[in-house]
Amino acid sequence: MLGPRENHISWDECFMRISFTIAERSKDPSTQAGAVIVNPENVVVGMGYNGWPRGIESNDLPWDREGSLEDTKYAYVCHAEENAVYNSNNSTKGGKIYCTLFPCNECAKTIIQNGIKEVIYDSDKYGETPATRASKKMFKLAGVTLRQYSCKK
């Protein structure tokens with residue numbers, strides 16, 4: 001009697017792969033971030049990548065990283081986590097978000113306010129910045145579980 005295949009990928013691997021794939025939609029020349037939200041039954045309810053708000057063309061605003069705020073991308077870009085929530089087609093309450101980068105403080109507020117209970121992230125390269133330290137503090141106070149993704153090969 002034939003049994004199920006044993007070398008299938010885990011849910012974590014599946015959703016993290018999707019987050020890296022959706023990140024490839026980003027037109028940002030320096031950072032491509034992606035996020036996937038799943039409900040408690042592991043059904044995808046939202047995906048997002050970093051980019052301009054809808055209706056703004058990729059060349060309409062600056063992609064620069066240095067200069068005054070209004071002359072850099074930082075005043076305009078929507079982060080992947082925000083876009084995943086904005087694009088959600090069902091409730092995110094009690095769900096998980098898979099992120100290529102650890103969420104900043106602004107995204108942490110969005111995640112918490114939308115009832116997401118777990119953040120699974122790949123990179124924490126900005127872990128010592130004030131924005132990331134603030135997000136970790138809010139996640140802890142709100143009872144959101146944080147877990148760095150580890151590929152099991």
# chains A, B, ... in the order shown; residues from 1 in each chain; ligands from 1
>>> select_by_dssp(residues="chain A", states="strand (DSSP E or B)", output="JSON, numbers by chain")
{"A": [34, 35, 36, 37, 38, 44, 45, 46, 47, 48, 49, 51, 78, 96, 97, 98, 99, 100, 101, 118, 119, 120, 121, 122, 123, 145, 146, 147, 148]}
>>> residues_around(residues="Cys151 in chain A", least_positions_apart="6", cutoff="12 Å", atoms="only C-alpha atoms", output="list in words")
Ile9, Ser10, Trp11, Asp12, Glu13, Cys14, Phe15, Met16, Arg17, Ile120, Tyr121 and Asp122 of chain A
>>> closest_atom_pairs(of="range 47-119 of chain A", to="range 128-137 of chain A", cutoff="7 Å", atoms="only C-alpha atoms", output="Markdown table")
| residue | atom | partner | partner_atom | distance |
| --- | --- | --- | --- | --- |
| A:Pro103 | CA | A:Thr132 | CA | 7.0 |
| A:Cys104 | CA | A:Thr132 | CA | 5.1 |
| A:Asn105 | CA | A:Ser135 | CA | 4.2 |
| A:Ala108 | CA | A:Ser135 | CA | 5.4 |
>>> closest_atom_pairs(of="range 25-112 of chain A", to="range 139-149 of chain A", cutoff="12 Å", atoms="only C-alpha atoms", output="Markdown table")
| residue | atom | partner | partner_atom | distance |
| --- | --- | --- | --- | --- |
| A:Lys93 | CA | A:Val144 | CA | 11.8 |
| A:Gly94 | CA | A:Val144 | CA | 9.9 |
| A:Gly95 | CA | A:Val144 | CA | 10.4 |
| A:Lys96 | CA | A:Thr145 | CA | 9.2 |
| A:Ile97 | CA | A:Leu146 | CA | 10.0 |
| A:Tyr98 | CA | A:Tyr149 | CA | 8.7 |
| A:Cys99 | CA | A:Tyr149 | CA | 9.2 |
| A:Thr100 | CA | A:Tyr149 | CA | 9.3 |
| A:Leu101 | CA | A:Gln148 | CA | 9.9 |
| A:Phe102 | CA | A:Gln148 | CA | 8.7 |
| A:Pro103 | CA | A:Phe139 | CA | 10.2 |
| A:Cys104 | CA | A:Phe139 | CA | 10.8 |
| A:Asn105 | CA | A:Phe139 | CA | 9.4 |
| A:Glu106 | CA | A:Phe139 | CA | 11.6 |
| A:Cys107 | CA | A:Phe139 | CA | 10.7 |
| A:Ala108 | CA | A:Phe139 | CA | 6.9 |
| A:Lys109 | CA | A:Phe139 | CA | 8.6 |
| A:Thr110 | CA | A:Phe139 | CA | 11.0 |
| A:Ile111 | CA | A:Phe139 | CA | 9.0 |
| A:Ile112 | CA | A:Ala142 | CA | 7.0 |
>>> closest_residue(among="A:Thr92, A:Asp124, A:Met138, A:Lys117", to="Val44 in chain A", atoms="only C-alpha atoms")
A:Thr92
>>> atom_distance(atom1="CA of Ile37 in chain A", atom2="CA of Thr21 in chain A")
13.9 Å
